[in-house]
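Source file work00.cif; content: mmCIF, C-alpha atoms.
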data_model
loop_
_atom_site.label_atom_id
_atom_site.label_comp_id
_atom_site.auth_asym_id
_atom_site.auth_seq_id
_atom_site.Cartn_x
_atom_site.Cartn_y
_atom_site.Cartn_z
CA MET A 1 77.77 117.98 155.74
CA SER A 2 76.77 117.94 159.45
CA LEU A 3 73.08 118.05 158.75
CA LEU A 4 72.16 114.42 159.07
CA GLU A 5 70.60 113.90 162.46
CA ALA A 6 69.41 110.61 161.15
CA LYS A 7 68.76 107.05 162.22
CA THR A 8 69.88 103.96 160.38
CA GLU A 9 66.52 102.27 159.91
CA ILE A 10 64.35 104.14 157.42
CA SER A 11 61.23 102.17 156.61
CA GLU A 12 58.80 105.09 156.61
CA TYR A 13 59.03 108.83 156.92
CA THR A 14 57.51 111.36 159.25
CA PRO A 15 55.87 114.38 157.54
CA ALA A 16 58.08 117.45 157.83
CA ALA A 17 55.50 119.40 159.80
CA LYS A 18 55.75 116.72 162.51
CA LEU A 19 59.54 116.79 162.81
CA LEU A 20 59.65 119.03 165.83
CA GLU A 21 56.77 117.24 167.48
CA VAL A 22 58.55 113.89 167.50
CA THR A 23 61.78 115.36 168.83
CA SER A 24 60.01 116.27 172.05
CA ALA A 25 59.07 112.65 172.81
CA SER A 26 60.40 111.06 175.96
CA PRO A 27 63.91 109.57 175.87
CA THR A 28 62.48 106.06 176.04
CA THR A 29 60.30 106.37 172.93
CA PRO A 30 61.55 105.07 169.57
CA PRO A 31 63.78 107.53 167.70
CA PRO A 32 62.13 109.77 165.10
CA LYS A 33 62.16 108.66 161.51
CA ARG A 34 63.93 110.60 158.81
CA VAL A 35 61.94 113.29 157.06
CA ALA A 36 61.91 112.39 153.38
CA GLU A 37 61.33 115.87 151.97
CA LEU A 38 64.21 117.33 153.97
CA ASP A 39 66.50 114.66 152.56
CA GLY A 40 65.23 115.65 149.12
CA LEU A 41 65.97 119.30 149.86
CA ARG A 42 69.40 118.30 151.10
CA ALA A 43 69.97 116.62 147.73
CA PHE A 44 69.36 119.95 146.02
CA ALA A 45 72.04 121.41 148.29
CA ILE A 46 74.77 118.84 147.67
CA LEU A 47 74.38 118.31 143.91
CA PRO A 48 75.29 121.92 142.97
CA VAL A 49 78.30 121.76 145.29
CA ILE A 50 79.65 118.73 143.44
CA LEU A 51 79.00 120.38 140.08
CA TYR A 52 80.77 123.52 141.29
CA HIS A 53 83.96 121.53 141.75
CA CYS A 54 84.05 119.85 138.34
CA TYR A 55 82.22 121.98 135.76
CA PRO A 56 84.20 123.10 132.65
CA ARG A 57 85.82 126.53 132.86
CA GLN A 58 86.34 126.76 129.11
CA GLY A 59 85.57 125.07 125.81
CA TRP A 60 82.24 124.23 124.18
CA PHE A 61 80.69 123.20 127.49
CA ARG A 62 81.52 126.37 129.39
CA TRP A 63 77.82 127.32 129.29
CA ILE A 64 77.47 124.80 132.12
CA GLY A 65 79.49 127.31 134.10
CA PHE A 66 76.45 129.49 134.71
CA ALA A 67 74.91 126.68 136.72
CA GLY A 68 78.24 125.44 138.03
CA GLU A 69 79.19 128.83 139.44
CA ALA A 70 75.99 128.81 141.49
CA GLY A 71 77.14 125.73 143.37
CA TRP A 72 78.20 127.78 146.39
CA ILE A 73 74.50 128.42 147.05
CA GLY A 74 74.25 124.77 148.10
CA VAL A 75 76.41 125.49 151.16
CA ASP A 76 74.05 128.30 152.20
CA LEU A 77 71.09 125.95 151.91
CA PHE A 78 72.97 123.42 154.03
CA PHE A 79 73.52 126.04 156.73
CA VAL A 80 69.83 126.98 156.78
CA LEU A 81 68.80 123.33 156.96
CA SER A 82 71.29 122.69 159.74
CA GLY A 83 69.98 125.63 161.74
CA TYR A 84 66.45 124.31 161.40
CA LEU A 85 67.22 120.73 162.38
CA ILE A 86 69.48 121.51 165.32
CA THR A 87 67.16 124.17 166.72
CA GLY A 88 64.26 121.72 166.59
CA ILE A 89 66.29 119.05 168.37
CA LEU A 90 67.48 121.46 171.05
CA LEU A 91 64.04 122.93 171.71
CA GLY A 92 62.64 119.43 171.99
CA THR A 93 65.23 118.30 174.54
CA VAL A 94 66.15 121.46 176.49
CA ASP A 95 64.16 120.41 179.57
CA ARG A 96 65.67 116.92 179.79
CA PRO A 97 68.49 115.91 182.13
CA HIS A 98 72.00 115.93 180.66
CA TYR A 99 70.71 118.12 177.81
CA TYR A 100 74.07 119.56 176.71
CA ARG A 101 76.09 116.38 177.18
CA ASN A 102 73.63 114.26 175.23
CA PHE A 103 73.49 116.77 172.39
CA ILE A 104 77.28 116.99 172.06
CA THR A 105 77.65 113.22 172.33
CA ARG A 106 75.14 112.54 169.56
CA ARG A 107 76.64 115.21 167.33
CA THR A 108 80.10 113.77 167.94
CA LEU A 109 78.98 110.29 166.88
CA ARG A 110 77.39 111.71 163.74
CA ILE A 111 80.09 114.08 162.61
CA PHE A 112 83.50 113.13 163.98
CA PRO A 113 84.02 109.50 162.86
CA LEU A 114 83.82 110.14 159.12
CA TYR A 115 85.44 113.57 159.49
CA TYR A 116 88.53 112.24 161.26
CA LEU A 117 88.72 109.14 159.07
CA CYS A 118 88.78 111.40 156.03
CA LEU A 119 91.31 113.65 157.70
CA VAL A 120 93.65 110.70 158.23
CA LEU A 121 93.17 109.49 154.65
CA PHE A 122 93.68 112.99 153.21
CA THR A 123 96.84 113.45 155.29
CA VAL A 124 98.33 110.09 154.31
CA ALA A 125 97.50 110.66 150.62
CA THR A 126 99.11 114.11 150.74
CA LYS A 127 102.22 112.72 152.42
CA LEU A 128 102.52 109.90 149.88
CA SER A 129 102.06 112.28 146.95
CA GLY A 130 105.60 113.48 147.36
CA PRO A 131 107.40 116.37 149.04
CA GLY A 132 105.73 119.06 146.93
CA PRO A 133 102.11 118.70 148.11
CA TRP A 134 103.14 117.98 151.70
CA GLU A 135 105.45 121.00 151.86
CA ALA A 136 102.73 123.20 150.36
CA MET A 137 100.32 122.02 153.03
CA GLN A 138 102.90 122.68 155.74
CA ASP A 139 103.59 126.14 154.37
CA TRP A 140 99.87 126.88 154.52
CA GLY A 141 99.74 125.97 158.20
CA GLY A 142 99.52 122.20 158.43
CA VAL A 143 96.83 119.62 159.04
CA GLY A 144 96.73 120.40 162.77
CA TRP A 145 94.30 123.26 162.18
CA PHE A 146 91.74 120.77 160.93
CA VAL A 147 92.43 118.33 163.76
CA GLY A 148 91.44 121.11 166.17
CA TYR A 149 88.43 122.10 164.06
CA LEU A 150 89.97 125.52 163.45
CA GLY A 151 90.78 125.27 159.75
CA ASN A 152 88.30 128.03 158.87
CA ILE A 153 90.15 130.40 161.20
CA ARG A 154 93.45 129.62 159.46
CA VAL A 155 91.78 130.24 156.08
CA ALA A 156 90.47 133.60 157.33
CA TRP A 157 93.84 134.56 158.80
CA THR A 158 95.86 133.77 155.68
CA GLY A 159 93.20 134.62 153.12
CA GLN A 160 94.07 131.35 151.40
CA TYR A 161 92.32 127.99 151.24
CA PRO A 162 94.46 124.86 151.73
CA PRO A 163 96.54 123.96 148.66
CA ILE A 164 95.15 120.39 148.69
CA PHE A 165 91.56 120.29 147.44
CA SER A 166 90.33 117.54 149.77
CA PHE A 167 90.83 119.82 152.77
CA ILE A 168 88.98 122.81 151.32
CA PRO A 169 85.35 121.77 152.04
CA LEU A 170 86.13 121.19 155.73
CA TRP A 171 85.75 124.87 156.60
CA SER A 172 81.95 124.71 156.50
CA LEU A 173 81.84 121.82 158.97
CA GLN A 174 83.92 123.87 161.34
CA VAL A 175 81.60 126.87 161.04
CA GLU A 176 78.68 124.70 162.12
CA GLU A 177 80.44 122.99 165.01
CA GLN A 178 81.79 126.26 166.40
CA PHE A 179 78.29 127.74 166.30
CA TYR A 180 76.73 124.71 167.95
CA LEU A 181 79.19 124.53 170.83
CA LEU A 182 77.57 127.67 172.28
CA TYR A 183 74.12 127.54 170.71
CA PRO A 184 72.72 124.86 173.08
CA LEU A 185 73.63 127.14 175.99
CA VAL A 186 71.83 130.04 174.34
CA ILE A 187 68.66 127.99 173.98
CA TRP A 188 68.98 126.78 177.58
CA LEU A 189 69.37 130.32 178.94
CA LEU A 190 66.85 132.25 176.85
CA ALA A 191 63.08 132.21 176.96
CA ARG A 192 61.40 131.53 173.63
CA HIS A 193 60.64 135.19 172.82
CA ASN A 194 64.22 136.17 173.67
CA LEU A 195 65.54 133.34 171.52
CA ARG A 196 63.63 134.78 168.57
CA ARG A 197 65.22 138.15 169.23
CA PHE A 198 68.65 136.57 169.48
CA LEU A 199 68.25 134.81 166.14
CA VAL A 200 66.93 137.94 164.45
CA GLY A 201 69.93 139.77 165.87
CA CYS A 202 72.23 137.17 164.32
CA VAL A 203 70.52 137.59 160.94
CA VAL A 204 71.11 141.35 161.10
CA ALA A 205 74.57 141.27 162.68
CA ALA A 206 76.21 138.88 160.20
CA PRO A 207 75.96 141.07 157.06
CA VAL A 208 76.85 144.16 159.13
CA LEU A 209 79.97 142.38 160.34
CA ARG A 210 80.87 141.34 156.81
CA ILE A 211 80.48 144.91 155.55
CA CYS A 212 82.62 146.26 158.40
CA LEU A 213 85.36 143.73 157.70
CA LEU A 214 85.40 144.59 154.01
CA LEU A 215 85.52 148.32 154.74
CA PHE A 216 88.13 148.33 157.48
CA VAL A 217 90.22 145.16 157.06
CA PRO A 218 92.13 144.83 153.78
CA ASP A 219 91.68 141.61 151.80
CA SER A 220 89.08 140.21 154.20
CA GLY A 221 86.77 138.74 151.54
CA THR A 222 87.77 135.18 152.34
CA ALA A 223 87.32 135.80 156.06
CA CYS A 224 83.78 137.00 155.38
CA HIS A 225 83.10 133.69 153.71
CA VAL A 226 84.51 131.29 156.29
CA LEU A 227 84.30 132.87 159.75
CA THR A 228 81.48 131.60 161.95
CA PRO A 229 80.14 135.02 163.04
CA CYS A 230 79.98 136.04 159.38
CA ARG A 231 77.87 133.02 158.45
CA MET A 232 75.55 132.89 161.44
CA ASP A 233 72.70 134.58 159.52
CA ALA A 234 72.02 131.39 157.54
CA LEU A 235 72.09 129.21 160.65
CA ALA A 236 69.87 131.66 162.54
CA LEU A 237 67.34 131.80 159.71
CA GLY A 238 66.98 128.05 159.92
CA GLY A 239 66.45 128.40 163.65
CA LEU A 240 63.67 130.92 163.08
CA VAL A 241 61.93 128.50 160.73
CA ALA A 242 62.11 125.86 163.47
CA ILE A 243 60.47 128.24 165.94
CA ILE A 244 57.70 129.08 163.46
CA ALA A 245 57.12 125.37 162.90
CA ARG A 246 56.51 124.92 166.63
CA LEU A 247 53.84 127.63 166.81
CA PRO A 248 50.18 126.62 167.03
CA SER A 249 48.75 126.14 163.53
CA ARG A 250 46.55 129.22 163.86
CA LEU A 251 49.68 131.38 164.29
CA GLN A 252 51.61 129.88 161.40
CA PRO A 253 51.65 131.53 157.97
CA SER A 254 48.97 130.33 155.58
CA TYR A 255 49.83 128.04 152.67
CA ALA A 256 49.19 130.91 150.22
CA LYS A 257 51.63 133.16 152.08
CA LEU A 258 54.24 130.42 152.23
CA ARG A 259 53.92 129.76 148.51
CA LEU A 260 54.21 133.47 147.77
CA ALA A 261 57.25 133.79 150.04
CA ALA A 262 58.93 130.82 148.35
CA ALA A 263 58.20 132.24 144.87
CA VAL A 264 59.41 135.73 145.75
CA GLY A 265 62.43 134.28 147.50
CA GLY A 266 63.31 132.19 144.46
CA ALA A 267 63.05 135.27 142.26
CA ILE A 268 65.30 137.23 144.63
CA ALA A 269 67.89 134.44 144.71
CA LEU A 270 67.89 134.09 140.93
CA GLY A 271 68.01 137.84 140.45
CA THR A 272 70.90 138.15 142.89
CA TYR A 273 72.91 135.50 141.09
CA VAL A 274 72.17 136.80 137.58
CA PHE A 275 73.01 140.34 138.68
CA ALA A 276 76.30 139.18 140.16
CA GLN A 277 77.21 137.30 136.97
CA SER A 278 76.09 140.06 134.59
CA GLY A 279 79.26 142.12 134.81
CA LEU A 280 77.32 145.26 135.75
CA LEU A 281 79.03 145.43 139.13
CA GLY A 282 82.52 145.63 137.68
CA THR A 283 85.14 145.91 140.41
CA SER A 284 82.39 146.03 143.06
CA LYS A 285 81.40 142.42 142.46
CA ASP A 286 83.60 141.00 145.21
CA PHE A 287 82.24 143.51 147.74
CA PHE A 288 78.66 142.68 146.77
CA MET A 289 79.22 138.92 146.91
CA ASN A 290 81.02 139.02 150.26
CA SER A 291 78.71 141.51 151.98
CA ILE A 292 75.00 141.21 151.21
CA ALA A 293 74.69 138.57 148.49
CA GLY A 294 74.85 135.84 151.10
CA SER A 295 71.87 137.23 152.98
CA LEU A 296 69.96 137.70 149.72
CA ILE A 297 70.44 133.97 149.15
CA ASP A 298 69.94 132.79 152.73
CA ILE A 299 66.55 134.44 153.16
CA PRO A 300 65.07 132.73 150.07
CA CYS A 301 66.55 129.43 151.30
CA ALA A 302 64.72 129.93 154.59
CA ALA A 303 61.49 130.80 152.76
CA LEU A 304 61.81 127.63 150.68
CA LEU A 305 62.44 125.56 153.81
CA ALA A 306 59.39 127.05 155.53
CA PHE A 307 57.25 126.21 152.52
CA VAL A 308 58.49 122.61 152.56
CA VAL A 309 58.07 122.19 156.32
CA LEU A 310 54.66 123.83 156.64
CA GLY A 311 53.20 122.73 153.31
CA PRO A 312 53.67 118.93 153.37
CA SER A 313 50.98 118.32 150.75
CA SER A 314 52.45 120.59 148.09
CA THR A 315 53.66 119.33 144.71
CA LEU A 316 57.21 120.38 145.60
CA VAL A 317 57.19 118.20 148.70
CA ARG A 318 55.96 115.23 146.67
CA VAL A 319 58.88 115.75 144.28
CA LEU A 320 61.32 116.00 147.18
CA ARG A 321 60.11 112.60 148.39
CA TRP A 322 61.34 110.83 145.25
CA ARG A 323 63.52 107.92 146.27
CA THR A 324 66.58 109.05 144.31
CA LEU A 325 66.54 112.49 145.93
CA VAL A 326 65.88 111.04 149.38
CA TYR A 327 68.82 108.65 149.08
CA THR A 328 71.06 111.46 147.84
CA GLY A 329 70.11 113.47 150.91
CA GLN A 330 70.84 110.49 153.15
CA ILE A 331 74.41 110.21 151.95
CA ALA A 332 74.98 113.96 151.53
CA TYR A 333 77.55 114.17 154.33
CA GLY A 334 79.69 111.52 152.67
CA LEU A 335 79.19 113.12 149.28
CA TYR A 336 80.42 116.43 150.64
CA LEU A 337 83.54 115.01 152.25
CA LEU A 338 84.43 112.41 149.62
CA HIS A 339 83.55 113.92 146.24
CA GLY A 340 86.95 115.55 145.80
CA PRO A 341 89.16 112.52 146.47
CA ALA A 342 86.66 110.19 144.76
CA SER A 343 86.87 112.28 141.59
CA TRP A 344 90.67 112.30 141.70
CA LEU A 345 90.83 108.53 142.23
CA ALA A 346 88.35 107.81 139.41
CA ARG A 347 90.19 110.04 136.96
CA THR A 348 93.52 108.50 137.96
CA LEU A 349 92.23 104.96 137.41
CA PHE A 350 90.70 106.00 134.09
CA ARG A 351 94.07 107.40 132.98
CA LEU A 352 95.93 104.25 134.02
CA ILE A 353 93.46 102.01 132.18
CA THR A 354 92.91 104.04 129.01
CA GLY A 355 95.88 106.38 128.89
CA ILE A 356 93.47 109.32 128.57
CA GLU A 357 93.87 112.26 130.94
CA ILE A 358 90.62 113.85 132.14
CA PRO A 359 91.10 117.31 133.66
CA GLY A 360 89.36 117.96 136.96
CA HIS A 361 87.22 120.67 135.38
CA SER A 362 85.88 119.29 132.13
CA ALA A 363 82.70 117.93 130.58
CA ALA A 364 84.02 114.38 130.91
CA ALA A 365 84.84 114.92 134.58
CA ILE A 366 81.21 115.66 135.47
CA PRO A 367 79.71 112.15 135.06
CA LEU A 368 82.88 110.50 136.36
CA THR A 369 82.91 112.72 139.46
CA PHE A 370 79.24 112.14 140.24
CA LEU A 371 79.52 108.38 139.73
CA ALA A 372 82.63 108.03 141.87
CA SER A 373 81.19 110.30 144.57
CA PHE A 374 77.98 108.30 144.87
CA VAL A 375 79.87 105.02 145.04
CA ALA A 376 82.20 106.29 147.75
CA ALA A 377 79.47 107.97 149.79
CA GLY A 378 77.12 105.00 149.43
CA LEU A 379 79.75 102.62 150.75
CA SER A 380 80.56 105.00 153.59
CA TRP A 381 76.90 105.29 154.57
CA ARG A 382 76.23 101.56 154.42
CA TYR A 383 79.34 100.19 156.08
CA PHE A 384 80.72 103.00 158.24
CA GLU A 385 78.28 105.78 159.11
CA SER A 386 75.11 103.75 159.68
CA PRO A 387 76.65 101.29 162.16
CA ILE A 388 78.04 104.20 164.18
CA LEU A 389 74.68 105.99 164.14
CA GLY A 390 73.21 102.89 165.73
CA LEU A 391 75.35 103.56 168.80
CA LYS A 392 73.78 106.95 169.57
CA ASP A 393 71.30 105.67 172.12
CA ARG A 394 73.98 103.67 173.94
CA PHE A 395 75.84 106.88 174.74
CA THR A 396 72.78 108.92 175.71
CA ILE A 397 72.26 109.35 179.46
CA ARG A 398 68.64 108.81 180.45
CA GLY A 399 66.73 109.79 183.54
#
How does the structure come out when it is put into structure tokens?
Amino acid sequence: MSLLEAKTEISEYTPAAKLLEVTSASPTTPPPKRVAELDGLRAFAILPVILYHCYPRQGWFRWIGFAGEAGWIGVDLFFVLSGYLITGILLGTVDRPHYYRNFITRRTLRIFPLYYLCLVLFTVATKLSGPGPWEAMQDWGGVGWFVGYLGNIRVAWTGQYPPIFSFIPLWSLQVEEQFYLLYPLVIWLLARHNLRRFLVGCVVAAPVLRICLLLFVPDSGTACHVLTPCRMDALALGGLVAIIARLPSRLQPSYAKLRLAAAVGGAIALGTYVFAQSGLLGTSKDFFMNSIAGSLIDIPCAALLAFVVLGPSSTLVRVLRWRTLVYTGQIAYGLYLLHGPASWLARTLFRLITGIEIPGHSAAAIPLTFLASFVAAGLSWRYFESPILGLKDRFTIRG
């Protein structure tokens, strides 16, 4: 996902509480190191998303579905993380020359190369799959919506996701980029106290907008899920955490309060999900999920992030610094874009070699999908993304 404002060389890691401090260094200082615990937290965002797309829907292993169905929460956590990271970067650079141009340039180098490479590969694969898949994609609206970073708007307009799975995850990248085209200008124009008010307003406005859409626009549930204004509460919550992290230590919440907030938030998130899955809502489930459930998940995600950022010595942070989790967070963008086609390719090769068909949603598909996804994303990170990230400073205007 577009949450990896990272550098290629990663020999040591800056504590999370120092992230925003290092972003305010002068343009000639060495780039900040990755923050290990945020990569670990990013791992906990991407892994449920992958599981969501391959867990069994039926059979003896359908009990995995309770966890698999919760995979959408990973996208919310990604949004909160993205809001935190980008707000910190913008606040640390807002007074520098060429502020907006440098921000857009660095984001472009991070996000667009792999995005457009995947878009080309997905398009070619769809075209070569025969007239059926290509015609279905054309009937939906065509690949051009994704070329213009407007696929989420097409999804909202039609109420339908693309018929080809590889294109489906792209909507969340478009939500972020649409938000961040204007967000740097907001930070540039607003004083710090007004920025806080703006972000709080976004947190309040998003669920209100979702409720209004559901009440007054028929069949707008999908639009509530994919439109940028409807998802800005998660991004804004991350921004608020970034502002809190920049406060003097005496004004920041105590460790005890952060731990309590994270615990209560976790209970709220779990309770929200269990309640939604319990069947008690009946026909009101869709309204609940598309209106306020998102906010009831986003707020706990923000509380968890604040606990990680402001409590760098906690046991949780030490767990998040495990090498396996950190590496998973590093390659999370590639995992998000490539897990669908990687799973399909692995299952196709397995069928050609063994003659055994593995459905996309089955117990056997889980390990195969994860293995193929990590191989594809690891190769992408090592040989494609990292070299391009090394070019960021070349395209940054100094002075």
Please return the centre and edge lengths, in Å to one decimal, of a box with edges along x, y and z that contains all listed atoms of region 144-163 of chain A, widened by 3 Å on every side, as JSON.
{"center_x": 92.5, "center_y": 126.5, "center_z": 157.4, "size_x": 14.4, "size_y": 22.3, "size_z": 23.5}
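CA of Val200 (chain A) sits 8.3 Å away from CA of Asp233 (chain A).
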Checklist line | Leu38 (chain A) surroundings by all atoms listed in the file, 8 Å radius, close-in-sequence under 3 positions cut, as a ChimeraX atom specification | finding: /A:16,35,41-42,308,320,326,329
For Arg318 (chain A): contacts at 10 Å, all atoms listed in the file, fewer than 4 positions along chain excluded, given as a CSV table (one decimal) with C-alpha atoms, in the frame of the given file:
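Contents of the output file part16.csv:
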chain,number,residue,atom,x,y,z
A,36,ALA,CA,61.9,112.4,153.4
A,37,GLU,CA,61.3,115.9,152.0
A,40,GLY,CA,65.2,115.6,149.1
A,308,VAL,CA,58.5,122.6,152.6
A,312,PRO,CA,53.7,118.9,153.4
A,313,SER,CA,51.0,118.3,150.8
A,314,SER,CA,52.4,120.6,148.1
A,322,TRP,CA,61.3,110.8,145.2
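In terms of minimum interatomic distance to Arg259 (chain A), A:Leu305 ranks closest within A:Ile46, A:Leu305, A:Leu227, A:Ile299, counting only C-alpha atoms.
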I need the residue set behind the PyMOL selection byres ((chain A and resi 164) around 8) for this file; please write it as a compact mmCIF listing (two decimals) with C-alpha atoms, keeping the file's coordinate frame.
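Result file follows (part-v2.txt):
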# COMPACT_ATOMS: atom_id res chain seq x y z
CA THR A 126 99.11 114.11 150.74
CA PRO A 133 102.11 118.70 148.11
CA MET A 137 100.32 122.02 153.03
CA PRO A 162 94.46 124.86 151.73
CA PRO A 163 96.54 123.96 148.66
CA PHE A 165 91.56 120.29 147.44
CA SER A 166 90.33 117.54 149.77
CA PHE A 167 90.83 119.82 152.77
CA ILE A 168 88.98 122.81 151.32
